[in-house]
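Peer 1: Below you'll find upload_8.cif; it's mmCIF, C-alpha atoms and all ligand atoms.
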```cif
data_target
#
loop_
_atom_site.label_atom_id
_atom_site.label_comp_id
_atom_site.auth_asym_id
_atom_site.auth_seq_id
_atom_site.Cartn_x
_atom_site.Cartn_y
_atom_site.Cartn_z
CA MET N 1 0.00 0.00 0.00
CA LYS N 2 1.17 3.51 -0.81
CA THR N 3 2.45 5.82 1.92
CA PHE N 4 3.65 9.41 1.84
CA LYS N 5 5.35 11.90 4.10
CA ILE N 6 4.42 15.41 5.12
CA ARG N 7 7.87 16.52 6.24
CA GLU N 8 8.74 13.84 8.84
CA LEU N 9 5.13 12.82 9.42
CA GLU N 10 4.48 9.48 7.81
CA ILE N 11 0.99 8.95 6.40
CA ASN N 12 0.80 5.19 6.34
CA PRO N 13 -1.26 4.02 4.56
CA ALA N 14 -1.96 6.92 2.21
CA LEU N 15 -5.65 6.92 3.10
CA VAL N 16 -7.09 9.88 4.99
CA LEU N 17 -10.42 10.31 6.76
CA SER N 18 -11.56 13.50 5.05
CA PRO N 19 -12.80 16.42 7.17
CA MET N 20 -16.60 16.58 7.27
CA SER N 21 -18.39 19.25 9.22
CA GLY N 22 -20.95 17.73 11.59
CA VAL N 23 -19.51 14.26 11.02
CA THR N 24 -15.80 13.84 11.80
CA THR N 25 -15.93 14.39 15.54
CA SER N 26 -13.51 12.59 17.83
CA ALA N 27 -16.15 9.86 18.26
CA PHE N 28 -16.47 9.30 14.51
CA ARG N 29 -12.71 9.40 13.99
CA ARG N 30 -12.21 6.80 16.71
CA LEU N 31 -15.03 4.64 15.39
CA ILE N 32 -13.39 4.60 11.98
CA LYS N 33 -9.87 4.07 13.30
CA ARG N 34 -10.91 1.22 15.61
CA ASN N 35 -12.85 -0.53 12.88
CA ASN N 36 -10.08 -0.17 10.31
CA PRO N 37 -7.03 -0.98 12.46
CA GLY N 38 -3.81 0.21 10.86
CA CYS N 39 -5.68 1.29 7.73
CA VAL N 40 -6.29 5.03 8.31
CA GLY N 41 -3.15 7.10 7.73
CA LEU N 42 -4.45 10.49 8.95
CA THR N 43 -7.58 11.92 10.54
CA VAL N 44 -8.70 15.54 10.25
CA SER N 45 -11.14 17.51 12.40
CA GLU N 46 -14.26 19.16 11.10
CA PHE N 47 -13.43 22.67 9.90
CA VAL N 48 -13.13 25.07 12.80
CA SER N 49 -13.68 28.83 12.69
CA VAL N 50 -10.63 30.97 13.47
CA GLU N 51 -12.98 33.62 14.86
CA ALA N 52 -14.25 31.12 17.41
CA ILE N 53 -10.78 29.78 18.21
CA THR N 54 -9.30 33.22 18.81
CA ARG N 55 -12.32 34.27 20.88
CA GLY N 56 -11.93 31.17 23.04
CA VAL N 57 -15.38 29.71 22.35
CA LYS N 58 -15.72 26.62 24.57
CA ARG N 59 -17.72 24.53 22.07
CA THR N 60 -15.04 25.12 19.45
CA PHE N 61 -12.33 23.81 21.74
CA GLU N 62 -14.49 20.76 22.36
CA MET N 63 -14.69 20.28 18.57
CA MET N 64 -10.88 20.18 18.36
CA LYS N 65 -10.46 17.72 21.23
CA PHE N 66 -8.76 14.46 20.29
CA ARG N 67 -7.33 11.27 21.79
CA SER N 68 -3.92 9.88 20.97
CA GLU N 69 -5.46 6.93 19.08
CA GLU N 70 -6.61 9.45 16.43
CA ARG N 71 -3.03 10.36 15.50
CA PRO N 72 -1.70 11.41 13.13
CA TYR N 73 -4.38 14.06 13.54
CA GLY N 74 -4.78 17.49 12.02
CA VAL N 75 -7.11 20.39 12.74
CA GLN N 76 -8.60 22.22 9.78
CA ILE N 77 -9.17 25.95 10.22
CA PHE N 78 -11.28 28.31 8.15
CA GLY N 79 -11.49 32.08 7.98
CA ALA N 80 -10.21 35.00 5.96
CA ASP N 81 -8.46 37.37 8.34
CA PRO N 82 -4.69 36.74 8.11
CA LYS N 83 -3.97 37.78 11.71
CA ARG N 84 -6.73 35.61 13.14
CA MET N 85 -5.70 32.70 10.91
CA ALA N 86 -2.12 32.91 12.22
CA ASP N 87 -3.19 33.35 15.85
CA ALA N 88 -5.65 30.47 15.60
CA ALA N 89 -3.02 28.21 14.02
CA GLN N 90 -0.71 28.92 16.92
CA ILE N 91 -3.44 28.03 19.42
CA VAL N 92 -4.13 24.82 17.50
CA GLU N 93 -0.45 23.92 17.52
CA GLU N 94 -0.39 24.30 21.30
CA LEU N 95 -3.09 21.61 21.55
CA GLY N 96 -0.45 19.13 20.40
CA VAL N 97 -1.94 18.21 17.03
CA ASP N 98 0.24 16.86 14.22
CA LEU N 99 -0.63 19.38 11.52
CA VAL N 100 -2.74 22.42 10.67
CA ASP N 101 -4.82 22.40 7.48
CA ILE N 102 -6.28 25.51 5.85
CA ASN N 103 -9.74 25.19 4.31
CA CYS N 104 -9.86 26.71 0.82
CA GLY N 105 -12.72 24.61 -0.50
CA CYS N 106 -15.85 25.11 1.57
CA PRO N 107 -18.74 26.12 -0.73
CA ALA N 108 -21.22 27.14 2.01
CA PRO N 109 -22.64 30.66 1.48
CA LYS N 110 -22.20 31.58 5.15
CA VAL N 111 -18.46 30.85 4.83
CA VAL N 112 -17.69 32.26 1.38
CA LYS N 113 -19.68 35.45 2.03
CA LYS N 114 -17.17 36.25 4.77
CA GLY N 115 -14.24 35.60 2.42
CA GLY N 116 -13.33 32.12 3.69
CA GLY N 117 -13.44 28.60 2.24
CA CYS N 118 -13.44 28.47 -1.56
CA GLU N 119 -13.67 32.27 -1.79
CA LEU N 120 -9.97 32.34 -0.86
CA MET N 121 -9.18 30.71 -4.22
CA ARG N 122 -10.50 33.90 -5.89
CA ASN N 123 -8.19 36.08 -3.84
CA PRO N 124 -4.57 34.93 -4.33
CA ASP N 125 -3.08 38.03 -2.70
CA LEU N 126 -5.02 37.42 0.50
CA LEU N 127 -4.27 33.72 0.31
CA LYS N 128 -0.56 34.46 0.06
CA GLU N 129 -0.77 36.63 3.16
CA ILE N 130 -2.65 33.90 5.02
CA PHE N 131 -0.31 31.08 4.01
CA THR N 132 2.76 33.15 4.88
CA GLY N 133 1.33 34.34 8.19
CA VAL N 134 0.26 30.88 9.30
CA ARG N 135 3.53 29.35 8.12
CA ASN N 136 5.49 31.80 10.24
CA ALA N 137 3.23 31.27 13.25
CA ILE N 138 3.65 27.50 13.60
CA LYS N 139 6.40 24.90 13.52
CA ILE N 140 4.32 21.80 12.76
CA PRO N 141 3.43 20.84 9.17
CA LEU N 142 0.98 23.05 7.28
CA THR N 143 -1.37 21.67 4.62
CA MET N 144 -4.30 23.02 2.62
CA LYS N 145 -7.42 21.61 0.97
CA MET N 146 -9.15 23.22 -1.99
CA ARG N 147 -11.51 22.60 -4.90
CA THR N 148 -10.55 22.81 -8.57
CA GLY N 149 -11.76 26.41 -8.63
CA TRP N 150 -14.76 28.66 -8.16
CA ASP N 151 -16.57 27.60 -11.33
CA GLU N 152 -15.97 26.04 -14.73
CA SER N 153 -14.49 29.25 -16.15
CA SER N 154 -12.12 29.87 -13.25
CA LYS N 155 -10.37 26.59 -12.44
CA ASN N 156 -7.18 27.99 -10.91
CA PHE N 157 -6.05 24.99 -8.82
CA LEU N 158 -2.66 25.02 -10.54
CA GLU N 159 -1.94 28.63 -9.67
CA VAL N 160 -3.14 28.09 -6.08
CA ALA N 161 -1.10 24.90 -5.71
CA LYS N 162 2.09 26.70 -6.79
CA LEU N 163 1.31 29.63 -4.51
CA ALA N 164 0.79 27.27 -1.60
CA GLU N 165 4.09 25.51 -2.19
CA ASP N 166 5.96 28.81 -2.56
CA CYS N 167 4.54 29.97 0.79
CA GLY N 168 5.68 26.84 2.64
CA VAL N 169 2.52 24.72 2.59
CA GLU N 170 3.73 21.11 2.79
CA ALA N 171 0.91 19.08 1.23
CA ILE N 172 -2.16 19.86 -0.87
CA THR N 173 -5.50 18.12 -1.24
CA ILE N 174 -7.79 18.84 -4.16
CA HIS N 175 -11.48 17.91 -4.24
CA GLY N 176 -12.19 17.45 -7.94
CA ARG N 177 -15.21 19.71 -8.13
CA THR N 178 -15.68 23.47 -8.44
CA ARG N 179 -17.54 25.52 -5.87
CA ALA N 180 -20.37 25.91 -8.41
CA GLN N 181 -20.70 22.13 -8.65
CA SER N 182 -21.06 21.79 -4.89
CA TYR N 183 -21.37 17.98 -4.55
CA ARG N 184 -23.11 17.37 -7.88
CA GLY N 185 -21.87 15.17 -10.69
CA GLU N 186 -18.76 13.05 -10.59
CA ALA N 187 -15.52 14.38 -9.15
CA ASP N 188 -12.84 15.08 -11.75
CA TRP N 189 -9.58 13.18 -11.25
CA SER N 190 -8.18 13.83 -14.73
CA PHE N 191 -6.08 16.91 -13.97
CA PHE N 192 -3.72 15.64 -11.28
CA ASP N 193 -0.83 15.06 -13.71
CA LYS N 194 -0.72 18.83 -14.32
CA VAL N 195 -0.45 19.55 -10.59
CA LEU N 196 2.04 16.76 -9.99
CA SER N 197 4.38 18.12 -12.64
CA SER N 198 4.12 21.66 -11.23
CA VAL N 199 4.76 21.17 -7.50
CA SER N 200 7.02 18.84 -5.57
CA ILE N 201 5.03 18.54 -2.33
CA PRO N 202 2.53 15.67 -1.85
CA VAL N 203 -0.77 16.15 -3.66
CA CYS N 204 -3.81 14.18 -2.50
CA GLY N 205 -7.15 13.74 -4.20
CA SER N 206 -10.68 13.84 -2.84
CA GLY N 207 -14.03 12.92 -4.29
CA ASP N 208 -16.04 9.75 -4.75
CA VAL N 209 -13.68 7.16 -3.28
CA VAL N 210 -16.38 4.67 -2.31
CA SER N 211 -14.84 1.23 -2.81
CA LYS N 212 -11.62 -0.69 -3.32
CA GLU N 213 -12.11 -0.44 -7.09
CA SER N 214 -12.59 3.32 -7.05
CA ALA N 215 -9.55 3.70 -4.77
CA ILE N 216 -7.36 1.74 -7.19
CA SER N 217 -8.53 3.74 -10.19
CA LYS N 218 -8.05 7.04 -8.34
CA PHE N 219 -4.52 6.11 -7.26
CA ASN N 220 -3.80 5.70 -10.99
CA SER N 221 -4.09 9.48 -11.32
CA GLY N 222 -0.71 9.60 -9.57
CA VAL N 223 -1.83 11.28 -6.32
CA SER N 224 0.14 10.71 -3.13
CA GLY N 225 -2.95 9.86 -1.09
CA LEU N 226 -6.72 9.54 -1.10
CA TYR N 227 -9.13 11.45 1.13
CA ILE N 228 -12.29 9.51 1.94
CA GLY N 229 -15.37 11.35 3.19
CA ARG N 230 -18.89 10.19 2.43
CA GLY N 231 -17.60 6.74 1.59
CA ALA N 232 -16.80 6.29 5.29
CA LEU N 233 -20.41 7.05 6.22
CA SER N 234 -21.91 4.62 3.74
CA ASN N 235 -19.26 2.00 4.48
CA PRO N 236 -17.33 2.55 7.75
CA PHE N 237 -15.06 -0.41 6.85
CA ILE N 238 -13.92 1.13 3.57
CA PHE N 239 -10.31 1.76 4.66
CA SER N 240 -9.64 -1.87 5.57
CA GLU N 241 -11.55 -3.06 2.51
CA ILE N 242 -9.25 -1.01 0.28
CA ILE N 243 -6.27 -2.62 1.95
CA GLY N 244 -7.86 -6.05 1.89
CA ARG N 245 -8.15 -6.65 5.63
CA SER N 246 -11.77 -6.04 6.41
CA ILE N 247 -13.56 -7.12 9.55
CA ARG N 248 -17.20 -6.43 8.80
CA LYS N 249 -19.67 -6.04 11.62
CA ALA N 250 -23.42 -5.85 11.54
CA PRO N 251 -24.69 -2.25 11.31
CA GLU N 252 -26.44 -2.56 14.69
CA GLN N 253 -23.19 -3.49 16.41
CA LEU N 254 -21.30 -0.61 14.81
CA LEU N 255 -24.05 1.85 15.70
CA LEU N 256 -24.00 0.73 19.33
CA GLU N 257 -20.23 1.33 19.40
CA TYR N 258 -20.82 4.75 17.89
CA ILE N 259 -23.42 5.64 20.53
CA ALA N 260 -20.97 4.70 23.31
CA LEU N 261 -18.21 6.85 21.78
CA LEU N 262 -20.51 9.81 21.20
CA ARG N 263 -21.76 9.65 24.79
CA GLU N 264 -18.20 10.26 26.01
CA ASP N 265 -18.41 13.78 24.56
CA PHE N 266 -22.06 14.71 24.02
CA GLN N 267 -25.43 14.80 25.77
CA ASP N 268 -27.93 12.26 24.39
CA SER N 269 -29.84 15.05 22.63
CA ALA N 270 -26.72 15.98 20.64
CA CYS N 271 -25.87 12.35 19.80
CA ILE N 272 -29.16 11.40 18.23
CA GLY N 273 -28.73 13.31 14.95
CA LYS N 274 -25.26 11.87 14.45
CA VAL N 275 -26.47 8.33 15.09
CA LYS N 276 -29.28 8.78 12.59
CA GLN N 277 -26.84 10.26 10.07
CA LEU N 278 -24.73 7.10 10.16
CA ALA N 279 -27.78 4.81 10.30
CA SER N 280 -29.37 6.46 7.28
CA GLN N 281 -26.25 5.75 5.19
CA PHE N 282 -24.89 2.54 6.63
CA ALA N 283 -28.04 0.67 7.61
CA LYS N 284 -29.63 0.76 4.17
CA GLY N 285 -31.36 -2.54 3.51
CA THR N 286 -32.00 -3.36 7.18
CA LEU N 287 -35.53 -3.87 8.44
CA TRP N 288 -34.98 -1.53 11.39
CA ARG N 289 -33.40 1.52 9.68
CA LYS N 290 -36.66 3.42 9.30
CA GLN N 291 -37.58 2.75 12.93
CA VAL N 292 -34.23 4.19 14.10
CA LEU N 293 -34.70 7.25 11.93
CA LEU N 294 -38.14 7.88 13.44
CA GLU N 295 -37.09 7.47 17.09
CA MET N 296 -36.81 10.63 19.19
CA GLU N 297 -34.82 9.23 22.11
CA LEU N 298 -31.31 7.84 22.08
CA SER N 299 -32.04 5.24 24.75
CA ARG N 300 -34.89 3.89 22.60
CA ILE N 301 -32.57 3.60 19.61
CA GLU N 302 -30.12 1.76 21.80
CA GLU N 303 -32.78 -0.71 22.98
CA LEU N 304 -33.87 -1.27 19.43
CA LEU N 305 -30.34 -2.00 18.26
CA GLN N 306 -29.64 -4.26 21.24
CA SER N 307 -32.68 -6.35 20.44
CA LYS N 308 -31.22 -7.28 17.05
CA GLU N 309 -29.05 -10.29 16.47
CA VAL N 310 -25.42 -9.20 16.32
CA TYR N 311 -22.87 -11.07 14.25
CA VAL N 312 -19.35 -10.58 12.97
CA THR N 313 -17.99 -11.99 9.71
CA TYR N 314 -14.34 -12.25 8.87
C1 LIG V 401 -21.28 16.69 5.31
C2 LIG V 401 -19.97 17.13 4.71
C3 LIG V 401 -19.20 18.03 5.41
C4 LIG V 401 -17.95 18.44 4.88
N1 LIG V 401 -17.17 19.28 5.62
C5 LIG V 401 -15.92 19.59 5.17
C6 LIG V 401 -15.03 20.35 5.96
O1 LIG V 401 -15.32 20.75 7.09
N2 LIG V 401 -13.80 20.63 5.44
C7 LIG V 401 -13.41 20.19 4.19
O2 LIG V 401 -12.28 20.47 3.76
N3 LIG V 401 -14.23 19.46 3.44
C8 LIG V 401 -15.46 19.13 3.90
N4 LIG V 401 -16.27 18.34 3.14
C9 LIG V 401 -15.77 17.83 1.85
C10 LIG V 401 -15.14 16.44 2.03
O3 LIG V 401 -14.01 16.47 2.87
C11 LIG V 401 -14.73 15.87 0.66
O4 LIG V 401 -13.71 16.66 0.09
C12 LIG V 401 -15.91 15.78 -0.31
O5 LIG V 401 -17.06 15.31 0.34
C13 LIG V 401 -15.61 14.84 -1.48
O6 LIG V 401 -15.15 13.61 -1.03
P1 LIG V 401 -16.10 12.31 -0.79
O7 LIG V 401 -16.76 11.99 -2.10
O8 LIG V 401 -15.11 11.26 -0.34
O9 LIG V 401 -17.08 12.67 0.25
C14 LIG V 401 -17.51 17.94 3.64
C15 LIG V 401 -18.32 17.05 2.94
C16 LIG V 401 -19.53 16.64 3.45
C17 LIG V 401 -20.37 15.66 2.67
#
```
The structure given in the file should be rewritten as structure tokens.
Ligand SMILES: Cc1cc2nc3c(=O)[nH]c(=O)nc-3n(C[C@H](O)[C@H](O)[C@H](O)COP(=O)(O)O)c2cc1C
Peer 2:
Amino acid sequence: MKTFKIRELEINPALVLSPMSGVTTSAFRRLIKRNNPGCVGLTVSEFVSVEAITRGVKRTFEMMKFRSEERPYGVQIFGADPKRMADAAQIVEELGVDLVDINCGCPAPKVVKKGGGCELMRNPDLLKEIFTGVRNAIKIPLTMKMRTGWDESSKNFLEVAKLAEDCGVEAITIHGRTRAQSYRGEADWSFFDKVLSSVSIPVCGSGDVVSKESAISKFNSGVSGLYIGRGALSNPFIFSEIIGRSIRKAPEQLLLEYIALLREDFQDSACIGKVKQLASQFAKGTLWRKQVLLEMELSRIEELLQSKEVYVTY
């Protein structure tokens, strides 16, 4: 299996649990790591606002919390103010994480309207200031994640990739869609050769890795590593399946594990949506999925899942 290095940090295997807002909490990251032992090379937090970090918002610090089993682990920050970006990165570094990632790909109106996420790709001068400021503020590796561009007529991933490398960013991830595409259509993986011949830092790809077959075909684009997002929700064993070492469990067993992990960090009322999110994707085809999705209490969902026969297949 492929591996790559971000400075001295070894990403082994070259499979990354992609950041997903509202999904990749510490509980989800641990669920995925525990159920794919040795098969997840890097985990990344949900994106975290630099405004909230620098203002010391308690909930935001809870979002960045991690356990050592999640390592190597990076925190992804978003924002547009260079000073706040640098200050926030420094605070993140002090938490003891392995890397800081800058979000340059979020398409959400509430983020881009304030100049952050994918909007940064339209503002190379500001981006340069941010990359340089953050680079100077921290010692640990710095990475960035972007889309191919704002829309079809402004795909500037090559220019942004070179800018990032020149400013000291040490690895790049590109989600093969524009901001205008949001999550529609198929992700484009055809352009990576252009990026790979233009920069010498690792370049990872993101978008539609949903199976061993798709992982193999996407590695053929020449990328250093694959980021896996929604594929981990629909199949939480995807990392080990790609490597060929899968231990599959019944959905009810995995969901019960997830509930226990979530309860370490959240009140029941905050867990329920996350449990349903995983159930809606991963429990397709079960007789009880609909019942779980209709339940209003976590303890009832737990009872329901416990009443099912649990089995493990190797
Ligand atoms: C619910 C959801 C939340 C996401 N949140 C983030 C985020 O916080 N930061 C980020 O860089 N990408 C985020 N993404 C994008 C994913 O990391 C990934 O690049 C994209 O979904 C394509 O990969 P996939 O097909 O493997 O999901 C999010 C995607 C989804 C579906």
Peer 1: Compile the contact shell of range 122-135 of chain N as a PyMOL selection string: residues with an atom at most 8 Å away, counting all atoms listed in the file, same-chain residues fewer than 2 positions apart removed.
Peer 2: chain N and resi 80-83+85-87+89-90+118-120+137-139+142+150+160+163-164+167-169
Peer 1: What residues of the protein or nucleic acid chains come within 8 Å of ligand LIG 401 (chain V) when you use only C-alpha atoms and all ligand atoms? Reply as a ChimeraX atom specification.
Peer 2: /N:18-23,45-48,76,103-106,145-146,174-176,183,187,206-210,227-232
Peer 1: Report, in Å to a single decimal, how far apart CA of Arg30 in chain N and CA of Tyr258 in chain N are.
Peer 2: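 Pair CA of Tyr258 in chain N / CA of Arg30 in chain N returns 8.9 Å.
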Peer 1: Any idea what the distance is between CA of Val203 in chain N and CA of Thr173 in chain N?
Peer 2: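 Rounded to one decimal, the two atoms are 5.7 Å apart.
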Peer 1: What's the separation between CA of Ser214 in chain N and CA of Trp189 in chain N, in Å to one decimal place?
Peer 2: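 If I compute the distance from CA of Ser214 in chain N to CA of Trp189 in chain N, I get 11.1 Å.
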Peer 1: Would you mind telling me which residue in N:Ser307, N:Ser153, N:Ser49, N:Gln281 lies nearest to Leu233 in chain N when using only C-alpha atoms?
Peer 2: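 The closest residue to Leu233 in chain N is N:Gln281.
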Peer 1: Atoms are missing here; could range 105-137 of chain N be completed with N, CA and C atoms and written as a tab-separated table (two decimals), in the coordinates of the input?
Peer 2:
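Output contents, as saved in part15.tsv:
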```
chain	number	residue	atom	x	y	z
N	105	GLY	N	-11.80	25.29	0.41
N	105	GLY	CA	-12.72	24.61	-0.50
N	105	GLY	C	-14.17	24.66	-0.09
N	106	CYS	N	-14.45	25.16	1.12
N	106	CYS	CA	-15.85	25.11	1.57
N	106	CYS	C	-16.74	25.96	0.66
N	107	PRO	N	-17.85	25.38	0.18
N	107	PRO	CA	-18.74	26.12	-0.73
N	107	PRO	C	-19.87	26.85	-0.01
N	108	ALA	N	-20.03	26.65	1.30
N	108	ALA	CA	-21.22	27.14	2.01
N	108	ALA	C	-21.31	28.66	1.96
N	109	PRO	N	-22.49	29.20	1.57
N	109	PRO	CA	-22.64	30.66	1.48
N	109	PRO	C	-22.20	31.39	2.75
N	110	LYS	N	-22.53	30.84	3.92
N	110	LYS	CA	-22.20	31.58	5.15
N	110	LYS	C	-20.68	31.69	5.36
N	111	VAL	N	-19.93	30.81	4.73
N	111	VAL	CA	-18.46	30.85	4.83
N	111	VAL	C	-17.86	31.72	3.73
N	112	VAL	N	-18.29	31.50	2.49
N	112	VAL	CA	-17.69	32.26	1.38
N	112	VAL	C	-18.08	33.74	1.43
N	113	LYS	N	-19.26	34.04	1.95
N	113	LYS	CA	-19.68	35.45	2.03
N	113	LYS	C	-18.73	36.26	2.93
N	114	LYS	N	-18.11	35.55	3.87
N	114	LYS	CA	-17.17	36.25	4.77
N	114	LYS	C	-15.73	36.13	4.26
N	115	GLY	N	-15.58	35.64	3.03
N	115	GLY	CA	-14.24	35.60	2.42
N	115	GLY	C	-13.48	34.31	2.63
N	116	GLY	N	-14.05	33.36	3.38
N	116	GLY	CA	-13.33	32.12	3.69
N	116	GLY	C	-13.66	30.99	2.73
N	117	GLY	N	-13.17	29.79	3.05
N	117	GLY	CA	-13.44	28.60	2.24
N	117	GLY	C	-12.99	28.82	0.81
N	118	CYS	N	-13.82	28.41	-0.14
N	118	CYS	CA	-13.44	28.47	-1.56
N	118	CYS	C	-13.25	29.90	-2.06
N	119	GLU	N	-13.85	30.86	-1.39
N	119	GLU	CA	-13.67	32.27	-1.79
N	119	GLU	C	-12.18	32.65	-1.77
N	120	LEU	N	-11.41	32.03	-0.92
N	120	LEU	CA	-9.97	32.34	-0.86
N	120	LEU	C	-9.29	32.04	-2.19
N	121	MET	N	-9.80	31.04	-2.92
N	121	MET	CA	-9.18	30.71	-4.22
N	121	MET	C	-9.32	31.86	-5.21
N	122	ARG	N	-10.29	32.75	-4.97
N	122	ARG	CA	-10.50	33.90	-5.89
N	122	ARG	C	-9.67	35.10	-5.47
N	123	ASN	N	-8.92	34.93	-4.39
N	123	ASN	CA	-8.19	36.08	-3.84
N	123	ASN	C	-6.74	35.68	-3.52
N	124	PRO	N	-5.93	35.44	-4.56
N	124	PRO	CA	-4.57	34.93	-4.33
N	124	PRO	C	-3.71	35.83	-3.45
N	125	ASP	N	-3.91	37.14	-3.53
N	125	ASP	CA	-3.08	38.03	-2.70
N	125	ASP	C	-3.36	37.80	-1.21
N	126	LEU	N	-4.64	37.69	-0.89
N	126	LEU	CA	-5.02	37.42	0.50
N	126	LEU	C	-4.53	36.03	0.92
N	127	LEU	N	-4.68	35.10	0.00
N	127	LEU	CA	-4.27	33.72	0.31
N	127	LEU	C	-2.77	33.66	0.62
N	128	LYS	N	-2.01	34.41	-0.17
N	128	LYS	CA	-0.56	34.46	0.06
N	128	LYS	C	-0.26	35.00	1.46
N	129	GLU	N	-0.97	36.03	1.83
N	129	GLU	CA	-0.77	36.63	3.16
N	129	GLU	C	-1.12	35.62	4.25
N	130	ILE	N	-2.21	34.90	4.03
N	130	ILE	CA	-2.65	33.90	5.02
N	130	ILE	C	-1.65	32.76	5.12
N	131	PHE	N	-1.27	32.19	3.98
N	131	PHE	CA	-0.31	31.08	4.01
N	131	PHE	C	0.99	31.51	4.70
N	132	THR	N	1.49	32.69	4.32
N	132	THR	CA	2.76	33.15	4.88
N	132	THR	C	2.63	33.39	6.39
N	133	GLY	N	1.54	34.03	6.77
N	133	GLY	CA	1.33	34.34	8.19
N	133	GLY	C	1.22	33.08	9.03
N	134	VAL	N	0.45	32.13	8.53
N	134	VAL	CA	0.26	30.88	9.30
N	134	VAL	C	1.57	30.10	9.33
N	135	ARG	N	2.24	30.06	8.19
N	135	ARG	CA	3.53	29.35	8.12
N	135	ARG	C	4.51	29.88	9.18
N	136	ASN	N	4.56	31.21	9.28
N	136	ASN	CA	5.49	31.80	10.24
N	136	ASN	C	5.05	31.62	11.69
N	137	ALA	N	3.76	31.36	11.89
N	137	ALA	CA	3.23	31.27	13.25
N	137	ALA	C	3.41	29.89	13.88
```
